[in-house]
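Below: coords-v3.cif (mmCIF, C-alpha atoms)
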data_query
loop_
_atom_site.group_PDB
_atom_site.id
_atom_site.type_symbol
_atom_site.label_atom_id
_atom_site.label_comp_id
_atom_site.auth_asym_id
_atom_site.auth_seq_id
_atom_site.Cartn_x
_atom_site.Cartn_y
_atom_site.Cartn_z
ATOM 1 C CA MET G 599 -83.598 19.670 -39.820
ATOM 2 C CA GLU G 600 -87.050 20.252 -38.387
ATOM 3 C CA THR G 601 -87.316 20.499 -34.626
ATOM 4 C CA ASP G 602 -90.177 18.666 -32.971
ATOM 5 C CA PHE G 603 -90.308 20.636 -29.727
ATOM 6 C CA TRP G 604 -90.811 24.103 -28.337
ATOM 7 C CA THR G 605 -88.261 25.901 -26.162
ATOM 8 C CA ASP G 606 -89.310 27.990 -23.181
ATOM 9 C CA SER G 607 -86.517 30.556 -23.286
ATOM 10 C CA HIS G 608 -87.310 32.071 -19.884
ATOM 11 C CA ALA G 609 -88.892 30.426 -16.838
ATOM 12 C CA HIS G 610 -88.306 30.062 -13.113
ATOM 13 C CA ILE G 611 -88.821 26.357 -12.453
ATOM 14 C CA HIS G 612 -86.121 26.017 -9.789
ATOM 15 C CA SER G 613 -87.890 28.301 -7.301
ATOM 16 C CA ASP G 614 -91.582 27.944 -8.037
ATOM 17 C CA GLU G 615 -93.746 30.247 -5.946
ATOM 18 C CA HIS G 616 -96.558 27.707 -5.850
ATOM 19 C CA GLY G 617 -94.583 24.785 -4.430
ATOM 20 C CA ARG G 618 -94.458 22.764 -7.648
ATOM 21 C CA THR G 619 -91.281 20.764 -8.147
ATOM 22 C CA ALA G 620 -88.999 21.164 -11.156
ATOM 23 C CA GLU G 621 -89.685 17.504 -11.969
ATOM 24 C CA GLU G 622 -93.435 18.156 -12.153
ATOM 25 C CA LEU G 623 -92.981 21.199 -14.355
ATOM 26 C CA ILE G 624 -90.539 19.444 -16.686
ATOM 27 C CA THR G 625 -92.809 16.401 -17.027
ATOM 28 C CA SER G 626 -95.889 18.479 -17.835
ATOM 29 C CA ALA G 627 -93.842 20.477 -20.344
ATOM 30 C CA LYS G 628 -92.653 17.348 -22.159
ATOM 31 C CA GLU G 629 -96.237 16.098 -22.369
ATOM 32 C CA LYS G 630 -97.096 19.304 -24.237
ATOM 33 C CA GLY G 631 -94.112 19.079 -26.579
ATOM 34 C CA VAL G 632 -91.819 21.510 -24.756
ATOM 35 C CA GLY G 633 -88.382 19.925 -24.936
ATOM 36 C CA ARG G 634 -86.078 22.607 -23.557
ATOM 37 C CA ILE G 635 -86.370 25.093 -20.693
ATOM 38 C CA ILE G 636 -84.049 27.885 -19.583
ATOM 39 C CA THR G 637 -84.548 28.522 -15.865
ATOM 40 C CA ILE G 638 -83.471 31.999 -14.812
ATOM 41 C CA GLY G 639 -81.721 33.243 -11.683
ATOM 42 C CA ILE G 640 -82.666 36.542 -10.039
ATOM 43 C CA ASP G 641 -79.952 36.841 -7.376
ATOM 44 C CA TYR G 642 -76.872 34.887 -6.375
ATOM 45 C CA ASP G 643 -78.466 32.266 -4.115
ATOM 46 C CA ASP G 644 -81.316 31.821 -6.574
ATOM 47 C CA SER G 645 -78.818 31.430 -9.406
ATOM 48 C CA VAL G 646 -76.954 28.732 -7.495
ATOM 49 C CA LYS G 647 -80.246 26.893 -7.067
ATOM 50 C CA ALA G 648 -80.958 27.295 -10.784
ATOM 51 C CA VAL G 649 -77.606 25.736 -11.673
ATOM 52 C CA GLU G 650 -78.192 22.860 -9.266
ATOM 53 C CA THR G 651 -81.598 22.202 -10.832
ATOM 54 C CA ALA G 652 -80.369 22.420 -14.428
ATOM 55 C CA SER G 653 -77.496 20.058 -13.646
ATOM 56 C CA LYS G 654 -79.981 17.253 -12.947
ATOM 57 C CA TYR G 655 -81.628 17.292 -16.379
ATOM 58 C CA ASP G 656 -80.332 17.020 -19.942
ATOM 59 C CA ASN G 657 -82.485 19.649 -21.627
ATOM 60 C CA ILE G 658 -82.706 22.159 -18.792
ATOM 61 C CA TYR G 659 -80.267 25.059 -18.814
ATOM 62 C CA THR G 660 -79.950 28.226 -16.815
ATOM 63 C CA ALA G 661 -79.004 31.887 -16.773
ATOM 64 C CA VAL G 662 -77.337 33.315 -13.683
ATOM 65 C CA GLY G 663 -77.548 36.935 -12.663
ATOM 66 C CA MET G 664 -79.264 39.556 -10.560
ATOM 67 C CA HIS G 665 -82.575 41.288 -11.211
ATOM 68 C CA PRO G 666 -82.432 45.114 -11.126
ATOM 69 C CA GLU G 667 -84.973 45.176 -8.319
ATOM 70 C CA TYR G 668 -82.227 43.752 -6.096
ATOM 71 C CA ALA G 669 -79.493 46.139 -7.240
ATOM 72 C CA ASP G 670 -79.290 47.647 -3.748
ATOM 73 C CA LYS G 671 -78.206 44.223 -2.463
ATOM 74 C CA TYR G 672 -75.377 43.957 -4.996
ATOM 75 C CA SER G 673 -71.763 44.740 -4.178
ATOM 76 C CA HIS G 674 -69.145 44.819 -6.907
ATOM 77 C CA ASN G 675 -66.402 43.926 -4.446
ATOM 78 C CA ASN G 676 -68.307 41.056 -2.856
ATOM 79 C CA ASP G 677 -70.453 39.703 -5.675
ATOM 80 C CA TYR G 678 -68.815 40.268 -9.059
ATOM 81 C CA GLU G 679 -66.258 37.473 -8.788
ATOM 82 C CA ARG G 680 -68.668 34.856 -7.504
ATOM 83 C CA PHE G 681 -71.152 35.603 -10.309
ATOM 84 C CA TYR G 682 -68.272 35.377 -12.779
ATOM 85 C CA GLN G 683 -67.220 31.997 -11.422
ATOM 86 C CA LEU G 684 -70.801 30.695 -11.431
ATOM 87 C CA ALA G 685 -71.373 31.879 -15.007
ATOM 88 C CA GLN G 686 -68.617 29.543 -16.221
ATOM 89 C CA ASN G 687 -70.632 26.450 -15.283
ATOM 90 C CA LYS G 688 -71.374 24.309 -18.344
ATOM 91 C CA LYS G 689 -75.140 24.369 -17.685
ATOM 92 C CA VAL G 690 -75.166 28.169 -17.659
ATOM 93 C CA VAL G 691 -76.035 29.428 -21.139
ATOM 94 C CA ALA G 692 -76.603 33.113 -20.363
ATOM 95 C CA VAL G 693 -76.105 35.872 -17.803
ATOM 96 C CA GLY G 694 -79.213 37.430 -16.293
ATOM 97 C CA GLU G 695 -81.786 38.277 -15.813
ATOM 98 C CA THR G 696 -80.450 41.767 -15.380
ATOM 99 C CA GLY G 697 -81.039 45.257 -16.701
ATOM 100 C CA LEU G 698 -82.945 48.329 -15.571
ATOM 101 C CA ASP G 699 -86.382 48.730 -13.999
ATOM 102 C CA PHE G 700 -87.799 52.149 -13.115
ATOM 103 C CA TYR G 701 -91.447 51.104 -13.055
ATOM 104 C CA TYR G 702 -91.854 51.459 -9.297
ATOM 105 C CA GLU G 703 -90.617 54.488 -7.383
ATOM 106 C CA GLU G 704 -89.330 52.250 -4.595
ATOM 107 C CA ASN G 705 -86.991 50.349 -6.928
ATOM 108 C CA PRO G 706 -83.252 50.794 -6.251
ATOM 109 C CA ALA G 707 -81.604 54.049 -7.293
ATOM 110 C CA GLU G 708 -80.496 54.405 -10.885
ATOM 111 C CA ASP G 709 -76.785 54.489 -10.048
ATOM 112 C CA MET G 710 -77.086 51.156 -8.206
ATOM 113 C CA GLN G 711 -78.934 49.579 -11.119
ATOM 114 C CA ASN G 712 -76.335 50.918 -13.543
ATOM 115 C CA ILE G 713 -73.451 49.369 -11.601
ATOM 116 C CA LEU G 714 -75.177 45.996 -11.514
ATOM 117 C CA PHE G 715 -76.151 46.077 -15.198
ATOM 118 C CA LYS G 716 -72.665 47.060 -16.351
ATOM 119 C CA ASP G 717 -71.071 44.334 -14.245
ATOM 120 C CA MET G 718 -73.440 41.701 -15.622
ATOM 121 C CA ILE G 719 -72.654 42.873 -19.170
ATOM 122 C CA ASP G 720 -68.961 42.568 -18.418
ATOM 123 C CA ILE G 721 -69.400 39.034 -17.078
ATOM 124 C CA SER G 722 -71.497 37.949 -20.065
ATOM 125 C CA CYS G 723 -68.781 39.108 -22.447
ATOM 126 C CA ARG G 724 -65.966 37.562 -20.408
ATOM 127 C CA VAL G 725 -67.652 34.150 -20.467
ATOM 128 C CA ASP G 726 -68.958 34.769 -24.005
ATOM 129 C CA LYS G 727 -72.573 33.978 -23.198
ATOM 130 C CA PRO G 728 -75.693 36.029 -24.062
ATOM 131 C CA LEU G 729 -77.235 38.584 -21.748
ATOM 132 C CA VAL G 730 -80.858 38.174 -20.603
ATOM 133 C CA ILE G 731 -82.190 41.716 -20.345
ATOM 134 C CA HIS G 732 -85.008 42.931 -18.135
ATOM 135 C CA SER G 733 -86.045 46.391 -19.314
ATOM 136 C CA ARG G 734 -89.103 48.018 -17.765
ATOM 137 C CA SER G 735 -89.782 51.730 -18.136
ATOM 138 C CA ALA G 736 -86.103 51.974 -19.014
ATOM 139 C CA ALA G 737 -85.661 51.396 -22.764
ATOM 140 C CA GLU G 738 -83.642 54.507 -23.607
ATOM 141 C CA LYS G 739 -81.331 54.185 -20.610
ATOM 142 C CA CYS G 740 -80.914 50.468 -21.223
ATOM 143 C CA ILE G 741 -79.891 51.060 -24.814
ATOM 144 C CA LYS G 742 -77.485 53.828 -23.816
ATOM 145 C CA ILE G 743 -75.605 51.421 -21.536
ATOM 146 C CA LEU G 744 -75.649 48.704 -24.193
ATOM 147 C CA ASP G 745 -74.387 51.107 -26.844
ATOM 148 C CA ASP G 746 -71.500 52.116 -24.598
ATOM 149 C CA ALA G 747 -70.753 48.436 -23.939
ATOM 150 C CA LEU G 748 -70.760 47.616 -27.651
ATOM 151 C CA LYS G 749 -67.887 50.062 -28.106
ATOM 152 C CA LYS G 750 -65.887 47.989 -25.635
ATOM 153 C CA TYR G 751 -66.980 44.433 -26.420
ATOM 154 C CA ASN G 752 -67.342 42.916 -29.885
ATOM 155 C CA ASN G 753 -69.036 39.747 -28.592
ATOM 156 C CA LEU G 754 -71.931 41.343 -26.717
ATOM 157 C CA LYS G 755 -75.274 39.739 -27.562
ATOM 158 C CA GLY G 756 -78.527 39.277 -25.747
ATOM 159 C CA ILE G 757 -82.256 38.752 -25.388
ATOM 160 C CA PHE G 758 -84.826 41.354 -24.352
ATOM 161 C CA HIS G 759 -87.065 39.062 -22.341
ATOM 162 C CA CYS G 760 -90.801 39.552 -21.764
ATOM 163 C CA PHE G 761 -90.675 42.306 -24.361
ATOM 164 C CA ASP G 762 -92.844 45.318 -23.608
ATOM 165 C CA GLY G 763 -93.257 46.524 -27.193
ATOM 166 C CA SER G 764 -90.792 49.401 -27.057
ATOM 167 C CA GLU G 765 -90.360 50.959 -30.515
ATOM 168 C CA ILE G 766 -86.939 52.219 -29.451
ATOM 169 C CA VAL G 767 -85.732 48.692 -28.759
ATOM 170 C CA LEU G 768 -87.259 47.344 -31.968
ATOM 171 C CA ASP G 769 -85.413 49.920 -34.027
ATOM 172 C CA TRP G 770 -82.198 49.374 -32.091
ATOM 173 C CA ILE G 771 -81.924 45.585 -32.451
ATOM 174 C CA ARG G 772 -82.182 45.492 -36.230
ATOM 175 C CA ASP G 773 -78.468 45.758 -36.938
ATOM 176 C CA LYS G 774 -77.246 44.140 -33.724
ATOM 177 C CA ASN G 775 -76.960 40.629 -32.317
ATOM 178 C CA PHE G 776 -79.968 40.906 -30.021
ATOM 179 C CA TYR G 777 -83.257 39.057 -29.891
ATOM 180 C CA ILE G 778 -86.806 39.758 -28.710
ATOM 181 C CA SER G 779 -88.698 37.261 -26.543
ATOM 182 C CA TYR G 780 -92.474 37.488 -26.166
ATOM 183 C CA ALA G 781 -94.293 36.068 -23.145
ATOM 184 C CA GLY G 782 -97.886 34.941 -22.626
ATOM 185 C CA ASN G 783 -99.168 38.476 -22.198
ATOM 186 C CA ILE G 784 -99.105 38.877 -25.981
ATOM 187 C CA THR G 785 -102.269 36.761 -25.976
ATOM 188 C CA PHE G 786 -104.109 39.183 -23.679
ATOM 189 C CA LYS G 787 -106.954 41.161 -25.222
ATOM 190 C CA SER G 788 -105.445 44.374 -23.847
ATOM 191 C CA ALA G 789 -102.021 43.772 -25.415
ATOM 192 C CA GLU G 790 -102.561 45.358 -28.816
ATOM 193 C CA ASN G 791 -99.257 47.220 -28.463
ATOM 194 C CA LEU G 792 -97.417 43.895 -28.206
ATOM 195 C CA ARG G 793 -99.155 42.507 -31.259
ATOM 196 C CA GLN G 794 -98.216 45.575 -33.251
ATOM 197 C CA ALA G 795 -94.640 45.194 -32.024
ATOM 198 C CA LEU G 796 -94.665 41.540 -33.077
ATOM 199 C CA LEU G 797 -95.562 42.576 -36.620
ATOM 200 C CA LYS G 798 -92.443 44.771 -36.642
ATOM 201 C CA THR G 799 -90.154 42.180 -35.063
ATOM 202 C CA PRO G 800 -87.894 40.477 -37.631
ATOM 203 C CA VAL G 801 -88.886 36.817 -37.504
ATOM 204 C CA GLU G 802 -85.220 35.863 -37.425
ATOM 205 C CA ARG G 803 -84.897 37.752 -34.087
ATOM 206 C CA LEU G 804 -87.939 36.177 -32.424
ATOM 207 C CA LEU G 805 -88.129 33.960 -29.319
ATOM 208 C CA ILE G 806 -90.965 32.998 -26.968
ATOM 209 C CA GLU G 807 -91.129 32.317 -23.235
ATOM 210 C CA THR G 808 -93.496 31.851 -20.319
ATOM 211 C CA ASP G 809 -91.708 33.832 -17.586
ATOM 212 C CA SER G 810 -93.532 31.271 -15.456
ATOM 213 C CA PRO G 811 -94.990 31.269 -12.901
ATOM 214 C CA TYR G 812 -96.171 34.665 -14.191
ATOM 215 C CA LEU G 813 -98.232 35.814 -17.190
ATOM 216 C CA ALA G 814 -100.108 32.639 -18.075
ATOM 217 C CA PRO G 815 -101.388 32.989 -21.660
ATOM 218 C CA VAL G 816 -104.925 32.621 -22.934
ATOM 219 C CA PRO G 817 -106.602 30.083 -22.619
ATOM 220 C CA VAL G 818 -105.116 29.522 -19.135
ATOM 221 C CA ARG G 819 -104.870 33.178 -18.134
ATOM 222 C CA GLY G 820 -105.297 33.676 -14.398
ATOM 223 C CA LYS G 821 -103.892 30.254 -13.559
ATOM 224 C CA GLN G 822 -100.413 29.403 -12.321
ATOM 225 C CA ASN G 823 -98.168 29.579 -15.353
ATOM 226 C CA MET G 824 -95.709 26.820 -16.294
ATOM 227 C CA PRO G 825 -93.386 25.983 -19.207
ATOM 228 C CA ALA G 826 -95.984 23.679 -20.792
ATOM 229 C CA ASN G 827 -98.007 26.795 -21.573
ATOM 230 C CA VAL G 828 -95.381 28.186 -23.944
ATOM 231 C CA VAL G 829 -97.174 26.042 -26.533
ATOM 232 C CA TYR G 830 -100.209 28.334 -26.329
ATOM 233 C CA THR G 831 -98.029 31.380 -26.923
ATOM 234 C CA GLY G 832 -96.298 29.656 -29.825
ATOM 235 C CA GLU G 833 -99.589 28.682 -31.433
ATOM 236 C CA TYR G 834 -100.950 32.190 -30.970
ATOM 237 C CA VAL G 835 -97.871 33.802 -32.500
ATOM 238 C CA ALA G 836 -97.942 31.382 -35.447
ATOM 239 C CA GLU G 837 -101.595 32.131 -36.148
ATOM 240 C CA PHE G 838 -101.102 35.867 -35.780
ATOM 241 C CA LEU G 839 -98.155 35.828 -38.198
ATOM 242 C CA ASN G 840 -99.949 33.439 -40.571
ATOM 243 C CA MET G 841 -97.236 30.840 -40.149
ATOM 244 C CA LYS G 842 -97.558 27.080 -39.825
ATOM 245 C CA TYR G 843 -96.757 25.840 -36.312
ATOM 246 C CA THR G 844 -93.979 23.648 -37.710
ATOM 247 C CA ASP G 845 -92.468 26.592 -39.580
ATOM 248 C CA LEU G 846 -92.493 28.757 -36.475
ATOM 249 C CA LYS G 847 -90.919 25.971 -34.397
ATOM 250 C CA LEU G 848 -88.159 25.635 -36.959
ATOM 251 C CA GLN G 849 -87.567 29.391 -37.052
ATOM 252 C CA LEU G 850 -87.527 29.704 -33.273
ATOM 253 C CA GLU G 851 -85.085 26.812 -32.984
ATOM 254 C CA GLU G 852 -82.827 28.402 -35.584
ATOM 255 C CA ASN G 853 -82.959 31.699 -33.691
ATOM 256 C CA PHE G 854 -82.268 30.024 -30.362
ATOM 257 C CA ASN G 855 -79.311 28.125 -31.771
ATOM 258 C CA LYS G 856 -77.862 31.315 -33.225
ATOM 259 C CA ILE G 857 -77.986 33.258 -29.969
ATOM 260 C CA MET G 858 -76.661 30.214 -28.085
ATOM 261 C CA LYS G 859 -74.001 29.282 -30.652
ATOM 262 C CA GLY G 860 -71.019 27.785 -28.904
ATOM 263 C CA VAL G 861 -72.900 27.621 -25.588
ATOM 264 C CA ILE G 862 -75.328 24.716 -26.088
#
Could you spell out this file's structure in structure tokens?
Amino acid sequence: METDFWTDSHAHIHSDEHGRTAEELITSAKEKGVGRIITIGIDYDDSVKAVETASKYDNIYTAVGMHPEYADKYSHNNDYERFYQLAQNKKVVAVGETGLDFYYEENPAEDMQNILFKDMIDISCRVDKPLVIHSRSAAEKCIKILDDALKKYNNLKGIFHCFDGSEIVLDWIRDKNFYISYAGNITFKSAENLRQALLKTPVERLLIETDSPYLAPVPVRGKQNMPANVVYTGEYVAEFLNMKYTDLKLQLEENFNKIMKGVI
């Protein structure tokens, strides 16, 4: 059955940096044909807020987790159990965003990030919900941890969000239950590496997102991003892959339903 809406698989509408309300962002998204939004938590308090927001709307869901940039604030003894309990909420469809980020020297130490990432993986498998992975300047180390986890868990699955074009990740996902999500930066003139990666991404493993309020796509680049703008990314991807918009929508919906099977 053909879907008649786009899904923004990764946004932050519950804690908008520009003071816009979730209601405003959801309304503008619907006007553009965006019918589902996943709003993503970046620490515990933020995740609680995400759940509270998602609980008010039918087609808004959330992921709960902790961003690697806050790994030095995470305590296994104090935080693991409360994340685990929160992840069982019916509006929570994934765990994250989490992962590894070594882009900035001042980011938390690798051992702290590893503890957080491994705990989030464990929680995602215990609740049997996908992992939302943030990987920046960390592809090889990210995959090493995931490979080790796959030896332990047979239900581990996930999404590499705001994909950075890593060839290592592209090769790795091909025989695993992981997906690649492209954000608005794929429309940037400077993002030739992402376009080349898109050509190598199996279409059955493809998702799109805004990561709003960041990375607004062309033709609204430089403005405050919002879920409505995922349409521009979808149209760009369809044109680049020589697909009809309706065909891409259908494929993306099929992909989304596969990764979220049993969750939504």
- Task: Translate the PyMOL selection byres ((chain G and resi 759) around 10), as applied to the file shown, into an explicit residue set as a PyMOL selection string.
- Result: chain G and resi 607-608+695-696+729-733+756-758+760-762+777-781+805-809
- Message: Could you tell me, as an MDAnalysis selection string, exactly which residues end up selected when the PyMOL selection byres ((chain G and resi 614) around 10) is applied to this structure?
- Response: chainID G and resid 609:613 615:620 623 810:811 822:824
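Reported to one decimal place, the separation of atom CA of Thr637 of chain G from atom CA of Lys671 of chain G is 21.6 Å.
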- Task: One decimal, Å: what's the distance from atom CA of Lys742 of chain G over to atom CA of Phe715 of chain G, could you say?
- Result: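 Here the two named atoms are 11.7 Å from each other.
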- Query: What would the list of residues within 12 Å of (-86.3, 44.0, -5.1) (file frame) look like as an MDAnalysis selection string, if all atoms listed in the file are what count?
  - Reply: chainID G and resid 640:641 664:672 698:707 711
For segment 793-810 of chain G, what centre and edge lengths in Å (one decimal) does the axis-aligned box get once 3 Å is added on each side of all its listed atoms, as lines of an AutoDock Vina configuration file?
center_x = -92.0
center_y = 38.4
center_z = -26.5
size_x = 20.3
size_y = 20.3
size_z = 28.2
- Task: Please write as a ChimeraX atom specification the full residue list that the PyMOL selection byres ((chain G and resi 817-820) around 9) yields on this file.
- Result: /G:782-783,785-786,813-816,821-823,827,830
- Message: Need to verify the contact set: Glu790 of chain G, 10 Å, only C-alpha atoms, exclusion of same-chain residues closer than 6 positions in sequence. Can you return it as number ranges by chain?
- Response: G: 763, 784, 796
- Message: Using all atoms listed in the file for the distances, tell me which of G:Ser722, G:Asn791, G:Asn657, G:Asn712 is nearest to Ala736 of chain G.
- Response: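 When distances to Ala736 of chain G are compared using all atoms listed in the file, the smallest one comes from G:Asn712.
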